[in-house]
$ cat work-v6.txt   # compact mmCIF, N, CA and C atoms
# COMPACT_ATOMS: atom_id res chain seq x y z
N MET A 21 -59.70 -37.24 -6.73
CA MET A 21 -58.51 -36.45 -6.49
C MET A 21 -57.30 -37.33 -6.72
N SER A 22 -56.21 -36.70 -7.04
CA SER A 22 -54.98 -37.42 -7.37
C SER A 22 -54.44 -38.21 -6.18
N ALA A 23 -53.72 -39.26 -6.50
CA ALA A 23 -53.18 -40.16 -5.48
C ALA A 23 -52.18 -39.47 -4.56
N PHE A 24 -51.50 -38.42 -5.05
CA PHE A 24 -50.48 -37.78 -4.23
C PHE A 24 -51.05 -37.24 -2.91
N MET A 25 -52.35 -36.94 -2.88
CA MET A 25 -52.96 -36.42 -1.66
C MET A 25 -52.82 -37.41 -0.50
N ASN A 26 -52.70 -38.69 -0.81
CA ASN A 26 -52.59 -39.73 0.21
C ASN A 26 -51.15 -40.17 0.47
N TRP A 27 -50.19 -39.50 -0.15
CA TRP A 27 -48.79 -39.88 0.03
C TRP A 27 -48.34 -39.64 1.46
N SER A 28 -47.54 -40.55 1.95
CA SER A 28 -46.89 -40.38 3.25
C SER A 28 -45.61 -39.56 3.04
N CYS A 29 -44.94 -39.23 4.13
CA CYS A 29 -43.66 -38.52 4.03
C CYS A 29 -42.65 -39.35 3.23
N GLU A 30 -42.69 -40.66 3.44
CA GLU A 30 -41.77 -41.54 2.73
C GLU A 30 -42.08 -41.57 1.24
N ASP A 31 -43.36 -41.54 0.89
CA ASP A 31 -43.75 -41.51 -0.53
C ASP A 31 -43.24 -40.23 -1.19
N VAL A 32 -43.37 -39.11 -0.50
CA VAL A 32 -42.89 -37.84 -1.05
C VAL A 32 -41.38 -37.91 -1.23
N SER A 33 -40.67 -38.45 -0.26
CA SER A 33 -39.22 -38.57 -0.36
C SER A 33 -38.81 -39.47 -1.51
N LYS A 34 -39.52 -40.55 -1.72
CA LYS A 34 -39.23 -41.44 -2.86
C LYS A 34 -39.46 -40.71 -4.17
N TRP A 35 -40.52 -39.89 -4.23
CA TRP A 35 -40.81 -39.11 -5.44
C TRP A 35 -39.69 -38.11 -5.70
N ILE A 36 -39.23 -37.41 -4.65
CA ILE A 36 -38.13 -36.45 -4.78
C ILE A 36 -36.88 -37.17 -5.28
N GLU A 37 -36.62 -38.34 -4.75
CA GLU A 37 -35.47 -39.14 -5.18
C GLU A 37 -35.62 -39.56 -6.64
N SER A 38 -36.83 -39.93 -7.05
CA SER A 38 -37.06 -40.35 -8.43
C SER A 38 -36.83 -39.21 -9.43
N LEU A 39 -36.93 -37.98 -8.94
CA LEU A 39 -36.67 -36.81 -9.79
C LEU A 39 -35.18 -36.53 -9.92
N GLY A 40 -34.38 -37.24 -9.13
CA GLY A 40 -32.93 -37.05 -9.19
C GLY A 40 -32.39 -36.14 -8.10
N TYR A 41 -33.17 -35.91 -7.06
CA TYR A 41 -32.77 -35.03 -5.97
C TYR A 41 -32.67 -35.79 -4.66
N GLN A 42 -31.96 -36.93 -4.69
CA GLN A 42 -31.85 -37.77 -3.50
C GLN A 42 -31.19 -37.03 -2.34
N GLN A 43 -30.40 -35.99 -2.62
CA GLN A 43 -29.76 -35.24 -1.55
C GLN A 43 -30.77 -34.48 -0.69
N TYR A 44 -32.02 -34.35 -1.15
CA TYR A 44 -33.03 -33.61 -0.42
C TYR A 44 -34.10 -34.49 0.23
N THR A 45 -33.98 -35.79 0.12
CA THR A 45 -35.02 -36.66 0.67
C THR A 45 -35.18 -36.44 2.18
N ALA A 46 -34.08 -36.29 2.89
CA ALA A 46 -34.16 -36.06 4.34
C ALA A 46 -34.84 -34.74 4.66
N CYS A 47 -34.65 -33.74 3.81
CA CYS A 47 -35.31 -32.44 4.03
C CYS A 47 -36.82 -32.60 4.09
N PHE A 48 -37.34 -33.48 3.25
CA PHE A 48 -38.79 -33.67 3.20
C PHE A 48 -39.29 -34.57 4.32
N THR A 49 -38.54 -35.64 4.65
CA THR A 49 -38.99 -36.52 5.73
C THR A 49 -38.82 -35.87 7.09
N GLU A 50 -37.72 -35.15 7.32
CA GLU A 50 -37.49 -34.51 8.61
C GLU A 50 -38.48 -33.38 8.88
N ASN A 51 -39.04 -32.82 7.82
CA ASN A 51 -40.04 -31.76 7.97
C ASN A 51 -41.46 -32.28 7.80
N TYR A 52 -41.60 -33.60 7.77
CA TYR A 52 -42.91 -34.26 7.73
C TYR A 52 -43.77 -33.78 6.56
N ILE A 53 -43.15 -33.70 5.38
CA ILE A 53 -43.89 -33.26 4.19
C ILE A 53 -44.56 -34.48 3.57
N ASN A 54 -45.88 -34.57 3.75
CA ASN A 54 -46.66 -35.63 3.11
C ASN A 54 -47.35 -35.05 1.88
N GLY A 55 -48.22 -35.80 1.26
CA GLY A 55 -48.88 -35.34 0.06
C GLY A 55 -49.71 -34.08 0.25
N ARG A 56 -50.41 -33.99 1.35
CA ARG A 56 -51.22 -32.78 1.62
C ARG A 56 -50.34 -31.57 1.83
N LYS A 57 -49.24 -31.74 2.54
CA LYS A 57 -48.35 -30.61 2.79
C LYS A 57 -47.55 -30.23 1.54
N LEU A 58 -47.33 -31.19 0.65
CA LEU A 58 -46.60 -30.91 -0.58
C LEU A 58 -47.30 -29.82 -1.40
N ILE A 59 -48.61 -29.74 -1.26
CA ILE A 59 -49.40 -28.73 -1.96
C ILE A 59 -48.90 -27.32 -1.63
N LEU A 60 -48.41 -27.13 -0.43
CA LEU A 60 -48.00 -25.81 0.04
C LEU A 60 -46.53 -25.51 -0.19
N VAL A 61 -45.79 -26.46 -0.75
CA VAL A 61 -44.35 -26.28 -0.97
C VAL A 61 -44.11 -25.56 -2.29
N ASN A 62 -43.29 -24.50 -2.23
CA ASN A 62 -42.91 -23.75 -3.42
C ASN A 62 -41.53 -23.15 -3.19
N CYS A 63 -41.09 -22.27 -4.09
CA CYS A 63 -39.75 -21.69 -3.98
C CYS A 63 -39.55 -20.90 -2.68
N SER A 64 -40.61 -20.37 -2.13
CA SER A 64 -40.44 -19.60 -0.89
C SER A 64 -40.35 -20.49 0.34
N THR A 65 -40.89 -21.70 0.28
CA THR A 65 -40.83 -22.59 1.43
C THR A 65 -39.67 -23.58 1.38
N LEU A 66 -39.16 -23.86 0.19
CA LEU A 66 -38.08 -24.84 0.07
C LEU A 66 -36.83 -24.50 0.89
N PRO A 67 -36.39 -23.24 0.95
CA PRO A 67 -35.21 -22.96 1.79
C PRO A 67 -35.42 -23.30 3.26
N ARG A 68 -36.64 -23.13 3.76
CA ARG A 68 -36.92 -23.49 5.15
C ARG A 68 -36.86 -24.99 5.37
N LEU A 69 -37.04 -25.74 4.28
CA LEU A 69 -36.94 -27.20 4.39
C LEU A 69 -35.50 -27.67 4.27
N GLY A 70 -34.62 -26.80 3.76
CA GLY A 70 -33.22 -27.17 3.59
C GLY A 70 -32.77 -27.22 2.14
N VAL A 71 -33.63 -26.88 1.21
CA VAL A 71 -33.28 -26.84 -0.21
C VAL A 71 -32.91 -25.40 -0.52
N THR A 72 -31.61 -25.13 -0.72
CA THR A 72 -31.17 -23.75 -0.88
C THR A 72 -30.52 -23.45 -2.23
N ASP A 73 -30.23 -24.46 -3.02
CA ASP A 73 -29.67 -24.23 -4.35
C ASP A 73 -30.79 -23.70 -5.25
N PHE A 74 -30.58 -22.51 -5.82
CA PHE A 74 -31.63 -21.85 -6.58
C PHE A 74 -32.12 -22.68 -7.77
N LYS A 75 -31.20 -23.30 -8.51
CA LYS A 75 -31.60 -24.12 -9.66
C LYS A 75 -32.45 -25.31 -9.20
N ASP A 76 -32.06 -25.93 -8.11
CA ASP A 76 -32.82 -27.06 -7.58
C ASP A 76 -34.20 -26.60 -7.08
N MET A 77 -34.23 -25.43 -6.45
CA MET A 77 -35.51 -24.89 -5.98
C MET A 77 -36.47 -24.67 -7.14
N LYS A 78 -35.97 -24.08 -8.20
CA LYS A 78 -36.82 -23.84 -9.38
C LYS A 78 -37.30 -25.15 -9.98
N ALA A 79 -36.40 -26.12 -10.09
CA ALA A 79 -36.75 -27.40 -10.70
C ALA A 79 -37.76 -28.17 -9.84
N ILE A 80 -37.51 -28.25 -8.55
CA ILE A 80 -38.41 -28.99 -7.66
C ILE A 80 -39.78 -28.31 -7.64
N SER A 81 -39.80 -26.99 -7.57
CA SER A 81 -41.09 -26.27 -7.60
C SER A 81 -41.83 -26.55 -8.89
N GLY A 82 -41.10 -26.60 -10.00
CA GLY A 82 -41.72 -26.91 -11.28
C GLY A 82 -42.32 -28.30 -11.30
N HIS A 83 -41.61 -29.27 -10.74
CA HIS A 83 -42.12 -30.64 -10.67
C HIS A 83 -43.36 -30.72 -9.78
N ILE A 84 -43.36 -29.98 -8.69
CA ILE A 84 -44.53 -29.96 -7.81
C ILE A 84 -45.72 -29.37 -8.55
N ARG A 85 -45.50 -28.26 -9.29
CA ARG A 85 -46.60 -27.67 -10.05
C ARG A 85 -47.13 -28.64 -11.11
N GLU A 86 -46.23 -29.38 -11.75
CA GLU A 86 -46.66 -30.39 -12.73
C GLU A 86 -47.50 -31.47 -12.05
N LEU A 87 -47.04 -31.94 -10.91
CA LEU A 87 -47.76 -32.97 -10.16
C LEU A 87 -49.16 -32.48 -9.79
N LEU A 88 -49.24 -31.22 -9.37
CA LEU A 88 -50.51 -30.65 -8.94
C LEU A 88 -51.34 -30.14 -10.12
N GLU A 89 -50.76 -30.21 -11.30
CA GLU A 89 -51.41 -29.71 -12.52
C GLU A 89 -51.74 -28.22 -12.41
N ILE A 90 -50.80 -27.48 -11.85
CA ILE A 90 -50.89 -26.03 -11.76
C ILE A 90 -49.88 -25.46 -12.75
N LEU A 91 -50.36 -24.69 -13.69
CA LEU A 91 -49.53 -24.25 -14.80
C LEU A 91 -48.59 -23.10 -14.46
N ASP A 92 -49.09 -22.07 -13.85
CA ASP A 92 -48.30 -20.86 -13.65
C ASP A 92 -47.91 -20.68 -12.19
N PRO A 93 -46.63 -20.36 -11.96
CA PRO A 93 -46.27 -20.01 -10.59
C PRO A 93 -46.85 -18.65 -10.24
N ARG A 94 -47.05 -18.43 -8.95
CA ARG A 94 -47.58 -17.13 -8.52
C ARG A 94 -46.63 -16.03 -9.00
N GLY A 95 -47.22 -14.92 -9.40
CA GLY A 95 -46.42 -13.77 -9.81
C GLY A 95 -46.06 -13.73 -11.27
N SER A 96 -46.35 -14.77 -12.02
CA SER A 96 -45.98 -14.76 -13.44
C SER A 96 -47.21 -14.66 -14.33
N ARG A 97 -48.32 -14.21 -13.80
CA ARG A 97 -49.55 -14.15 -14.56
C ARG A 97 -49.79 -12.75 -15.10
N SER A 98 -50.60 -12.68 -16.09
CA SER A 98 -51.04 -11.40 -16.63
C SER A 98 -52.02 -10.77 -15.66
N ILE A 99 -52.03 -9.44 -15.59
CA ILE A 99 -52.97 -8.78 -14.69
C ILE A 99 -54.41 -8.93 -15.16
N ALA A 100 -54.58 -9.38 -16.42
CA ALA A 100 -55.93 -9.57 -16.94
C ALA A 100 -56.55 -10.89 -16.49
N LEU A 101 -55.74 -11.78 -15.92
CA LEU A 101 -56.23 -13.08 -15.47
C LEU A 101 -56.77 -12.99 -14.05
N PRO A 102 -57.60 -13.94 -13.65
CA PRO A 102 -58.07 -13.97 -12.26
C PRO A 102 -56.87 -14.02 -11.32
N PRO A 103 -56.99 -13.53 -10.11
CA PRO A 103 -55.86 -13.46 -9.19
C PRO A 103 -55.17 -14.79 -8.92
N VAL A 104 -55.93 -15.86 -8.76
CA VAL A 104 -55.35 -17.16 -8.47
C VAL A 104 -56.13 -18.22 -9.23
N GLU A 105 -55.41 -19.18 -9.78
CA GLU A 105 -56.02 -20.28 -10.50
C GLU A 105 -56.92 -21.09 -9.56
N PRO A 106 -58.16 -21.40 -9.96
CA PRO A 106 -59.08 -22.13 -9.08
C PRO A 106 -58.52 -23.45 -8.56
N ARG A 107 -57.77 -24.17 -9.39
CA ARG A 107 -57.22 -25.46 -8.94
C ARG A 107 -56.27 -25.25 -7.77
N ARG A 108 -55.47 -24.17 -7.82
CA ARG A 108 -54.55 -23.88 -6.72
C ARG A 108 -55.34 -23.62 -5.43
N LEU A 109 -56.40 -22.83 -5.54
CA LEU A 109 -57.23 -22.55 -4.36
C LEU A 109 -57.84 -23.83 -3.80
N PHE A 110 -58.32 -24.69 -4.70
CA PHE A 110 -58.91 -25.96 -4.29
C PHE A 110 -57.88 -26.83 -3.55
N LEU A 111 -56.68 -26.94 -4.11
CA LEU A 111 -55.66 -27.76 -3.49
C LEU A 111 -55.24 -27.20 -2.13
N GLU A 112 -55.19 -25.89 -2.02
CA GLU A 112 -54.87 -25.31 -0.72
C GLU A 112 -55.95 -25.66 0.30
N GLU A 113 -57.18 -25.66 -0.14
CA GLU A 113 -58.30 -26.06 0.74
C GLU A 113 -58.17 -27.55 1.11
N LYS A 114 -57.80 -28.39 0.14
CA LYS A 114 -57.68 -29.83 0.38
C LYS A 114 -56.46 -30.16 1.24
N SER A 115 -55.49 -29.24 1.34
CA SER A 115 -54.30 -29.52 2.14
C SER A 115 -54.61 -29.56 3.63
N ARG A 116 -55.75 -29.02 4.01
CA ARG A 116 -56.17 -29.05 5.41
C ARG A 116 -56.62 -30.46 5.78
N THR A 117 -56.61 -30.73 7.05
CA THR A 117 -57.07 -32.04 7.50
C THR A 117 -58.49 -31.93 8.05
N GLY A 118 -59.15 -33.04 8.12
CA GLY A 118 -60.50 -33.07 8.67
C GLY A 118 -61.51 -33.55 7.65
N SER A 119 -62.68 -33.88 8.14
CA SER A 119 -63.70 -34.48 7.28
C SER A 119 -64.21 -33.51 6.22
N THR A 120 -64.25 -32.21 6.53
CA THR A 120 -64.72 -31.23 5.54
C THR A 120 -63.78 -31.20 4.34
N ALA A 121 -62.49 -31.12 4.60
CA ALA A 121 -61.51 -31.12 3.50
C ALA A 121 -61.49 -32.45 2.78
N ASP A 122 -61.61 -33.54 3.53
CA ASP A 122 -61.59 -34.87 2.92
C ASP A 122 -62.75 -35.07 1.95
N SER A 123 -63.91 -34.55 2.29
CA SER A 123 -65.09 -34.80 1.46
C SER A 123 -65.28 -33.77 0.35
N LEU A 124 -64.53 -32.68 0.37
CA LEU A 124 -64.69 -31.62 -0.62
C LEU A 124 -64.29 -32.10 -2.02
N THR A 125 -65.15 -31.89 -3.00
CA THR A 125 -64.83 -32.22 -4.38
C THR A 125 -64.53 -30.93 -5.14
N TYR A 126 -63.87 -31.05 -6.26
CA TYR A 126 -63.52 -29.88 -7.07
C TYR A 126 -64.78 -29.18 -7.56
N MET A 127 -65.75 -29.93 -8.03
CA MET A 127 -66.99 -29.34 -8.53
C MET A 127 -67.74 -28.63 -7.41
N GLN A 128 -67.78 -29.23 -6.24
CA GLN A 128 -68.43 -28.62 -5.09
C GLN A 128 -67.72 -27.31 -4.72
N PHE A 129 -66.40 -27.36 -4.71
CA PHE A 129 -65.60 -26.17 -4.40
C PHE A 129 -65.91 -25.02 -5.36
N LEU A 130 -65.93 -25.33 -6.67
CA LEU A 130 -66.21 -24.29 -7.66
C LEU A 130 -67.60 -23.69 -7.45
N LYS A 131 -68.56 -24.55 -7.19
CA LYS A 131 -69.93 -24.08 -7.01
C LYS A 131 -70.05 -23.20 -5.76
N GLU A 132 -69.46 -23.64 -4.65
CA GLU A 132 -69.53 -22.89 -3.40
C GLU A 132 -68.82 -21.53 -3.50
N ARG A 133 -67.80 -21.44 -4.33
CA ARG A 133 -67.05 -20.20 -4.47
C ARG A 133 -67.58 -19.31 -5.60
N GLY A 134 -68.64 -19.76 -6.27
CA GLY A 134 -69.20 -18.97 -7.37
C GLY A 134 -68.30 -18.96 -8.59
N LEU A 135 -67.57 -20.02 -8.78
CA LEU A 135 -66.64 -20.13 -9.92
C LEU A 135 -67.19 -21.09 -10.97
N ASP A 136 -68.47 -21.02 -11.21
CA ASP A 136 -69.14 -21.94 -12.14
C ASP A 136 -68.59 -21.88 -13.56
N GLU A 137 -67.97 -20.76 -13.91
CA GLU A 137 -67.43 -20.65 -15.28
C GLU A 137 -66.26 -21.58 -15.53
N TYR A 138 -65.71 -22.17 -14.46
CA TYR A 138 -64.60 -23.11 -14.60
C TYR A 138 -65.05 -24.56 -14.68
N THR A 139 -66.37 -24.81 -14.60
CA THR A 139 -66.86 -26.19 -14.64
C THR A 139 -67.01 -26.67 -16.07
$ encode --input "work-v6.txt" --output "structure tokens"
Amino acid sequence: MSAFMNWSCEDVSKWIESLGYQQYTACFTENYINGRKLILVNCSTLPRLGVTDFKDMKAISGHIRELLEILDPRGSRSIALPPVEPRRLFLEEKSRTGSTADSLTYMQFLKERGLDEYT
């Protein structure tokens, strides 16, 4: 799994700053957004963190999707596609804490969910 999963709140803030959004670093540290929690951050959660500029919200959400290697934001998919991308589901599962989430692998996740066509 990607290194971002182990990021601390400070690591996330440094990453946000490296993207050119230093004005929002406190928003992420004060809300204790670490690598696991970053998985759950999107345009709908950013205002609750203190990011309210729409252009910045779109850009930061895009960078998070790139980091997570998730291509499409929710709601912009064709109705012919599966409801949710398997990687997004996997990352949401990995965002939880505990030994079960820690030991879960992507291949194991796909197999347990009957998503073998994605392997």
$ closest_residue --input "work-v6.txt" --among "A:Cys63, A:Ala79, A:Leu135, A:Leu69" --to "A:Asn51" --atoms "all atoms listed in the file"
A:Leu69
$ residues_around --input "work-v6.txt" --residues "A:Thr45" --least-positions-apart "6" --cutoff "8 Å" --atoms "all atoms listed in the file" --output "mmCIF file with N, CA and C atoms, in the coordinates of the input"
data_model
loop_
_atom_site.group_PDB
_atom_site.id
_atom_site.type_symbol
_atom_site.label_atom_id
_atom_site.label_comp_id
_atom_site.auth_asym_id
_atom_site.auth_seq_id
_atom_site.Cartn_x
_atom_site.Cartn_y
_atom_site.Cartn_z
ATOM 1 N N VAL A 32 -43.370 -39.110 -0.500
ATOM 2 C CA VAL A 32 -42.890 -37.840 -1.050
ATOM 3 C C VAL A 32 -41.380 -37.910 -1.230
ATOM 4 N N SER A 33 -40.670 -38.450 -0.260
ATOM 5 C CA SER A 33 -39.220 -38.570 -0.360
ATOM 6 C C SER A 33 -38.810 -39.470 -1.510
ATOM 7 N N LYS A 34 -39.520 -40.550 -1.720
ATOM 8 C CA LYS A 34 -39.230 -41.440 -2.860
ATOM 9 C C LYS A 34 -39.460 -40.710 -4.170
ATOM 10 N N ILE A 36 -39.230 -37.410 -4.650
ATOM 11 C CA ILE A 36 -38.130 -36.450 -4.780
ATOM 12 C C ILE A 36 -36.880 -37.170 -5.280
ATOM 13 N N GLU A 37 -36.620 -38.340 -4.750
ATOM 14 C CA GLU A 37 -35.470 -39.140 -5.180
ATOM 15 C C GLU A 37 -35.620 -39.560 -6.640
ATOM 16 N N ASN A 51 -39.040 -32.820 7.820
ATOM 17 C CA ASN A 51 -40.040 -31.760 7.970
ATOM 18 C C ASN A 51 -41.460 -32.280 7.800
#
$ closest_residue --input "work-v6.txt" --among "A:Leu39, A:Leu124, A:Tyr52, A:Tyr44" --to "A:Ile84" --atoms "only C-alpha atoms"
A:Leu39
$ closest_residue --input "work-v6.txt" --among "A:Ser28, A:Glu105, A:Asn62, A:Glu86" --to "A:Thr49" --atoms "only N, CA and C atoms"
A:Ser28
$ residues_around --input "work-v6.txt" --residues "A:Lys114" --least-positions-apart "4" --cutoff "8 Å" --atoms "all atoms listed in the file" --output "number ranges by chain"
A: 25, 55-57, 59, 108-110, 118, 120-122, 124
$ atom_distance --input "work-v6.txt" --atom1 "atom CA of A:Asn26" --atom2 "atom CA of A:Leu58"
10.7 Å
$ atom_distance --input "work-v6.txt" --atom1 "atom CA of A:Cys47" --atom2 "atom C of A:Gly70"
6.1 Å
$ atom_distance --input "work-v6.txt" --atom1 "atom CA of A:Trp35" --atom2 "atom CA of A:Ile53"
11.7 Å
$ residues_around --input "work-v6.txt" --residues "A:Leu60" --least-positions-apart "4" --cutoff "7 Å" --atoms "all atoms listed in the file" --output "PyMOL selection string"
chain A and resi 56+65+112+115
$ write_last_selection --input "work-v6.txt" --atoms "N, CA and C atoms" --output "mmCIF file, keeping the file's coordinate frame"
data_model
loop_
_atom_site.group_PDB
_atom_site.id
_atom_site.type_symbol
_atom_site.label_atom_id
_atom_site.label_comp_id
_atom_site.auth_asym_id
_atom_site.auth_seq_id
_atom_site.Cartn_x
_atom_site.Cartn_y
_atom_site.Cartn_z
ATOM 1 N N ARG A 56 -50.410 -33.990 1.350
ATOM 2 C CA ARG A 56 -51.220 -32.780 1.620
ATOM 3 C C ARG A 56 -50.340 -31.570 1.830
ATOM 4 N N THR A 65 -40.890 -21.700 0.280
ATOM 5 C CA THR A 65 -40.830 -22.590 1.430
ATOM 6 C C THR A 65 -39.670 -23.580 1.380
ATOM 7 N N GLU A 112 -55.190 -25.890 -2.020
ATOM 8 C CA GLU A 112 -54.870 -25.310 -0.720
ATOM 9 C C GLU A 112 -55.950 -25.660 0.300
ATOM 10 N N SER A 115 -55.490 -29.240 1.340
ATOM 11 C CA SER A 115 -54.300 -29.520 2.140
ATOM 12 C C SER A 115 -54.610 -29.560 3.630
#
$ select_by_dssp --input "work-v6.txt" --residues "stretch 29-129 of chain A" --states "helix (DSSP H, G or I)" --output "count of residues only"
60
$ closest_residue --input "work-v6.txt" --among "A:Ile80, A:Asp73, A:Phe24, A:Pro67" --to "A:Asn54" --atoms "only N, CA and C atoms"
A:Phe24
$ closest_residue --input "work-v6.txt" --among "A:Arg107, A:Glu30, A:Ala23, A:Tyr126" --to "A:Arg85" --atoms "only C-alpha atoms"
A:Arg107
